[in-house]
Amino acid sequence: MGNFTFKKKFGQNFLSDKNLLNEIVAKAGVTSDDVVVEIGAGKGALTEAISAAAKKVYSFEVDKELIDYLTEKFDGTNVEFVFKDVMDISDKELHEIVGGKFKLVANLPYYITSPILTRFLQNEYLESATVMVQEEVADRIIAGPRTKDYGVLTVMCQLLGETKKVLRVNRKMFYPVPNVDSAVVKIEKYKHKEEIDYNKLIAFVKKSFTMRRKKLSANLETARFSKQAIEEVLVDNGYLATTRAEELSINDFKRLYWLFLDIIG
Ligand code: SAM
């Protein structure tokens with residue numbers, strides 16, 4: 001393992017500080033009853049801390065160079081590795097592997113933070129996600145309306161759970177040292193499931209934010225629904241005709257989803 005080559009394309013920035021690793025697991029609230037999914041084992045530093053607290057760990061790693069090292073290091077433990085690109089694994093396969101409810105704990109590969117969150121937060125078996133992300137992304141996840149950070153990622157995460165920034169992590173804690181600082185965010189999934197098609201709702205949110213500075217009516221306009229028609233619906237329901245996406249709360253988005261279901265299609 002001495003001559004391991006770090007691969008930028010896989011977002012490989014590894015951690016080693018035991019106090020920090022244990023703190024991440026503590027913030028995740030992992031107990032001996034929990035099954036944990038980790039994305040990106042790396043050299044297994046976080047895996048080890050999770051393993052000490054959890055009942056079982058399923059850890060996904062795309063870099064085949066790590067197979068021998070990890071398999072040997074964790075031989076006979078409660079950790080099972082899946083050496084595949086996690087995005088190539090269907091929800092059905094994931095469920096066959098994990099078998100039920102799970103917590104996600106990971107120092108995420110930054111190049112696929114959003115796709116991973118979009119996918120995992122919608123997984124019906126996920127209880128919570130405690131993930132290391134770039135601090136700028138953490139700020140977007142926890143943002144409130146009418147701020148520059150509030151956008152599609154914010155709404156997508158906050159529709160599905162309660163978000164919190166639980167730790168700030170200096171870039172010097174990683175090897176190789178990245179260009180930006182990081183933070184750990186915890187997203188506690190809401191237990192009740194609403195009768196909403198989240199894929200449709202997220203598509204609607206994306207459309208609403210197409211051009212941030214523009215009015216919602218301009219972003220939502222289609223051949224069938226004119227700006228005027230959309231503004232009429234907004235005004236009839238107590239919103240200003242000039243409303244912009246960044247002014248809408250999470251509840252507003254849920255409300256507008258039903259009002260604009262025809263447009264969403
Ligand atoms: N958990 C380790 C740590 O904290 O030191 C490594 C974290 S590093 C930021 C991200 C890890 O995710 C790397 O080991 C990388 O190879 C792995 N990875 C990147 N893309 C992946 C993917 N699509 N599926 C599974 N693992 C991936």
# chains A, B, ... in the order shown; residues from 1 in each chain; ligands from 1
$ residues_around --residues "Ser249 in chain A" --least-positions-apart "2" --cutoff "10 Å" --atoms "only C-alpha atoms" --output "list of chain:residue names"
A:Gly144, A:Pro145, A:Arg146, A:Tyr150, A:Val155, A:Gln158, A:Leu159, A:Ala245, A:Glu246, A:Glu247, A:Asn251, A:Asp252, A:Phe253, A:Lys254, A:Arg255
$ write_last_selection --atoms "C-alpha atoms" --output "compact mmCIF listing (two decimals), in the first residue's frame"
# COMPACT_ATOMS: atom_id res chain seq x y z
CA GLY A 144 -32.70 29.47 3.97
CA PRO A 145 -34.83 31.30 1.34
CA ARG A 146 -33.68 34.72 0.07
CA TYR A 150 -30.59 28.76 -1.53
CA VAL A 155 -34.82 22.44 -1.65
CA GLN A 158 -34.87 20.02 2.86
CA LEU A 159 -37.93 18.51 1.20
CA ALA A 245 -37.95 30.87 -6.78
CA GLU A 246 -35.42 31.96 -4.15
CA GLU A 247 -38.23 33.65 -2.18
CA ASN A 251 -43.67 24.45 2.05
CA ASP A 252 -44.34 26.93 -0.74
CA PHE A 253 -42.69 24.54 -3.21
CA LYS A 254 -44.88 21.70 -1.97
CA ARG A 255 -47.97 23.91 -2.33
$ closest_atom_pairs --of "chain A" --to "ligand 1" --cutoff "10 Å" --atoms "only C-alpha atoms and all ligand atoms" --output "Markdown table"
| residue | atom | partner | partner_atom_place_in_ligand_line | distance |
| --- | --- | --- | --- | --- |
| A:Phe6 | CA | ligand 1 | 16 (O) | 8.5 |
| A:Lys7 | CA | ligand 1 | 16 (O) | 7.2 |
| A:Lys8 | CA | ligand 1 | 16 (O) | 8.7 |
| A:Lys9 | CA | ligand 1 | 19 (C) | 7.7 |
| A:Phe10 | CA | ligand 1 | 19 (C) | 4.1 |
| A:Gly11 | CA | ligand 1 | 10 (C) | 5.4 |
| A:Gln12 | CA | ligand 1 | 8 (S) | 4.2 |
| A:Asn13 | CA | ligand 1 | 9 (C) | 4.5 |
| A:Phe14 | CA | ligand 1 | 5 (O) | 3.2 |
| A:Leu15 | CA | ligand 1 | 5 (O) | 3.9 |
| A:Ser16 | CA | ligand 1 | 5 (O) | 6.4 |
| A:Asp17 | CA | ligand 1 | 5 (O) | 9.4 |
| A:Leu21 | CA | ligand 1 | 4 (O) | 8.0 |
| A:Glu38 | CA | ligand 1 | 1 (N) | 7.6 |
| A:Ile39 | CA | ligand 1 | 26 (N) | 5.4 |
| A:Gly40 | CA | ligand 1 | 12 (O) | 3.0 |
| A:Ala41 | CA | ligand 1 | 1 (N) | 4.2 |
| A:Gly42 | CA | ligand 1 | 14 (O) | 3.3 |
| A:Lys43 | CA | ligand 1 | 2 (C) | 6.0 |
| A:Gly44 | CA | ligand 1 | 2 (C) | 5.8 |
| A:Ala45 | CA | ligand 1 | 5 (O) | 5.3 |
| A:Leu46 | CA | ligand 1 | 4 (O) | 5.1 |
| A:Thr47 | CA | ligand 1 | 1 (N) | 6.6 |
| A:Glu48 | CA | ligand 1 | 1 (N) | 9.5 |
| A:Ser59 | CA | ligand 1 | 25 (C) | 8.3 |
| A:Phe60 | CA | ligand 1 | 25 (C) | 4.9 |
| A:Glu61 | CA | ligand 1 | 26 (N) | 3.7 |
| A:Val62 | CA | ligand 1 | 25 (C) | 4.2 |
| A:Asp63 | CA | ligand 1 | 16 (O) | 4.9 |
| A:Lys64 | CA | ligand 1 | 16 (O) | 8.6 |
| A:Glu65 | CA | ligand 1 | 16 (O) | 9.2 |
| A:Leu66 | CA | ligand 1 | 14 (O) | 8.2 |
| A:Val82 | CA | ligand 1 | 25 (C) | 8.5 |
| A:Phe83 | CA | ligand 1 | 25 (C) | 7.4 |
| A:Lys84 | CA | ligand 1 | 25 (C) | 6.0 |
| A:Asp85 | CA | ligand 1 | 24 (N) | 3.6 |
| A:Val86 | CA | ligand 1 | 24 (N) | 4.0 |
| A:Met87 | CA | ligand 1 | 23 (N) | 5.6 |
| A:Asp88 | CA | ligand 1 | 23 (N) | 7.8 |
| A:Ile89 | CA | ligand 1 | 24 (N) | 9.2 |
| A:Val105 | CA | ligand 1 | 1 (N) | 9.2 |
| A:Ala106 | CA | ligand 1 | 1 (N) | 6.2 |
| A:Asn107 | CA | ligand 1 | 7 (C) | 4.8 |
| A:Leu108 | CA | ligand 1 | 9 (C) | 5.0 |
| A:Pro109 | CA | ligand 1 | 10 (C) | 4.0 |
| A:Tyr110 | CA | ligand 1 | 9 (C) | 6.8 |
| A:Tyr111 | CA | ligand 1 | 20 (N) | 7.8 |
| A:Ile112 | CA | ligand 1 | 20 (N) | 7.2 |
| A:Thr113 | CA | ligand 1 | 20 (N) | 9.6 |
| A:Pro115 | CA | ligand 1 | 23 (N) | 9.9 |
| A:Ile116 | CA | ligand 1 | 23 (N) | 8.7 |
| A:Met132 | CA | ligand 1 | 9 (C) | 8.1 |
| A:Val133 | CA | ligand 1 | 9 (C) | 8.6 |
| A:Met173 | CA | ligand 1 | 5 (O) | 9.9 |
| A:Phe174 | CA | ligand 1 | 5 (O) | 7.7 |
| A:Tyr175 | CA | ligand 1 | 5 (O) | 8.2 |
| A:Pro176 | CA | ligand 1 | 9 (C) | 9.9 |
| A:Pro178 | CA | ligand 1 | 9 (C) | 9.9 |
$ closest_residue --among "A:Ser226, A:Thr5, A:Thr130, A:Asn78" --to "Glu188 in chain A" --atoms "only C-alpha atoms"
A:Thr130
$ select_by_dssp --residues "range 34-212 of chain A" --states "strand (DSSP E or B)" --output "VMD selection string"
chain A and resid 35 to 39 56 to 60 79 to 82 102 to 107 126 to 134 161 to 169 174 to 175 182 to 189
$ select_by_dssp --residues "range 10-129 of chain A" --states "alpha helix (DSSP H)" --output "VMD selection string"
chain A and resid 18 to 28 45 to 53 67 to 73 91 to 98 113 to 121
$ closest_atom_pairs --of "range 171-240 of chain A" --to "range 161-165 of chain A" --cutoff "6 Å" --atoms "only C-alpha atoms" --output "JSON lines"
{"residue": "A:Val184", "atom": "CA", "partner": "A:Lys165", "partner_atom": "CA", "distance": 6.0}
{"residue": "A:Val185", "atom": "CA", "partner": "A:Lys165", "partner_atom": "CA", "distance": 4.4}
{"residue": "A:Lys186", "atom": "CA", "partner": "A:Lys164", "partner_atom": "CA", "distance": 5.3}
{"residue": "A:Ile187", "atom": "CA", "partner": "A:Thr163", "partner_atom": "CA", "distance": 4.5}
{"residue": "A:Glu188", "atom": "CA", "partner": "A:Gly161", "partner_atom": "CA", "distance": 5.1}
{"residue": "A:Lys189", "atom": "CA", "partner": "A:Gly161", "partner_atom": "CA", "distance": 4.0}
{"residue": "A:Tyr190", "atom": "CA", "partner": "A:Gly161", "partner_atom": "CA", "distance": 4.9}
$ residues_around --residues "Gln122 in chain A" --least-positions-apart "5" --cutoff "9 Å" --atoms "only C-alpha atoms" --output "ChimeraX atom specification"
/A:117,160,198
$ write_last_selection --atoms "N, CA and C atoms" --output "PDB file, in the first residue's frame"
ATOM      1  N   LEU A 117     -26.510  12.437  -3.226  1.00  0.00           N
ATOM      2  CA  LEU A 117     -27.550  12.883  -2.285  1.00  0.00           C
ATOM      3  C   LEU A 117     -28.932  12.774  -2.919  1.00  0.00           C
ATOM      4  N   LEU A 160     -36.830  16.495   1.959  1.00  0.00           N
ATOM      5  CA  LEU A 160     -36.804  15.118   2.428  1.00  0.00           C
ATOM      6  C   LEU A 160     -36.339  14.960   3.869  1.00  0.00           C
ATOM      7  N   TYR A 198     -41.495  12.784  -5.964  1.00  0.00           N
ATOM      8  CA  TYR A 198     -40.323  13.636  -5.733  1.00  0.00           C
ATOM      9  C   TYR A 198     -39.541  13.924  -7.013  1.00  0.00           C
TER      10      TYR A 198
END
$ residues_around --residues "range 203-210 of chain A" --least-positions-apart "4" --cutoff "6 Å" --atoms "only C-alpha atoms" --output "PyMOL selection string"
chain A and resi 152+216+219+245
$ write_last_selection --atoms "C-alpha atoms" --output "PDB file, in the first residue's frame"
ATOM      1  CA  VAL A 152     -32.100  23.313  -6.129  1.00  0.00           C
ATOM      2  CA  LEU A 216     -41.063  32.336 -11.439  1.00  0.00           C
ATOM      3  CA  ASN A 219     -39.107  30.203 -15.716  1.00  0.00           C
ATOM      4  CA  ALA A 245     -37.949  30.874  -6.781  1.00  0.00           C
TER       5      ALA A 245
END
$ decode --residues "range 50-67 of chain A" --atoms "N, CA, C and O atoms" --output "compact mmCIF listing (two decimals), in the first residue's frame"
# COMPACT_ATOMS: atom_id res chain seq x y z
N ILE A 50 -16.49 3.67 11.93
CA ILE A 50 -17.91 3.27 11.84
C ILE A 50 -18.06 1.83 12.35
O ILE A 50 -18.97 1.52 13.12
N SER A 51 -17.14 0.99 11.93
CA SER A 51 -17.19 -0.44 12.29
C SER A 51 -17.20 -0.64 13.81
O SER A 51 -17.90 -1.53 14.31
N ALA A 52 -16.46 0.21 14.52
CA ALA A 52 -16.38 0.08 15.98
C ALA A 52 -17.71 0.42 16.66
O ALA A 52 -17.99 -0.05 17.76
N ALA A 53 -18.54 1.23 15.98
CA ALA A 53 -19.80 1.68 16.60
C ALA A 53 -21.03 0.93 16.09
O ALA A 53 -22.02 0.81 16.81
N ALA A 54 -20.96 0.41 14.86
CA ALA A 54 -22.16 -0.11 14.21
C ALA A 54 -22.32 -1.62 14.35
O ALA A 54 -21.40 -2.32 14.78
N LYS A 55 -23.50 -2.09 13.98
CA LYS A 55 -23.71 -3.54 13.93
C LYS A 55 -23.03 -4.10 12.68
O LYS A 55 -22.34 -5.10 12.72
N LYS A 56 -23.25 -3.39 11.56
CA LYS A 56 -22.75 -3.90 10.27
C LYS A 56 -22.45 -2.71 9.35
O LYS A 56 -23.16 -1.71 9.39
N VAL A 57 -21.41 -2.84 8.56
CA VAL A 57 -21.06 -1.78 7.61
C VAL A 57 -20.96 -2.35 6.20
O VAL A 57 -20.30 -3.38 5.99
N TYR A 58 -21.62 -1.70 5.26
CA TYR A 58 -21.45 -2.03 3.83
C TYR A 58 -20.75 -0.84 3.21
O TYR A 58 -21.28 0.29 3.25
N SER A 59 -19.56 -1.08 2.69
CA SER A 59 -18.78 0.03 2.18
C SER A 59 -18.49 -0.16 0.69
O SER A 59 -18.00 -1.20 0.27
N PHE A 60 -18.82 0.88 -0.08
CA PHE A 60 -18.65 0.83 -1.54
C PHE A 60 -17.37 1.54 -1.94
O PHE A 60 -17.08 2.63 -1.43
N GLU A 61 -16.60 0.94 -2.82
CA GLU A 61 -15.37 1.58 -3.28
C GLU A 61 -15.16 1.24 -4.75
O GLU A 61 -15.20 0.08 -5.14
N VAL A 62 -14.93 2.28 -5.55
CA VAL A 62 -14.80 2.10 -6.99
C VAL A 62 -13.36 1.76 -7.39
O VAL A 62 -13.13 1.13 -8.42
N ASP A 63 -12.37 2.14 -6.56
CA ASP A 63 -10.97 1.99 -6.94
C ASP A 63 -10.48 0.57 -6.65
O ASP A 63 -10.25 0.19 -5.49
N LYS A 64 -10.28 -0.19 -7.73
CA LYS A 64 -9.91 -1.61 -7.58
C LYS A 64 -8.51 -1.78 -6.96
O LYS A 64 -8.19 -2.84 -6.46
N GLU A 65 -7.69 -0.73 -7.02
CA GLU A 65 -6.36 -0.82 -6.42
C GLU A 65 -6.44 -1.03 -4.90
O GLU A 65 -5.48 -1.47 -4.28
N LEU A 66 -7.60 -0.73 -4.32
CA LEU A 66 -7.74 -0.82 -2.86
C LEU A 66 -8.26 -2.19 -2.39
O LEU A 66 -8.33 -2.44 -1.19
N ILE A 67 -8.60 -3.07 -3.34
CA ILE A 67 -9.25 -4.33 -2.98
C ILE A 67 -8.41 -5.15 -1.99
O ILE A 67 -8.89 -5.50 -0.90
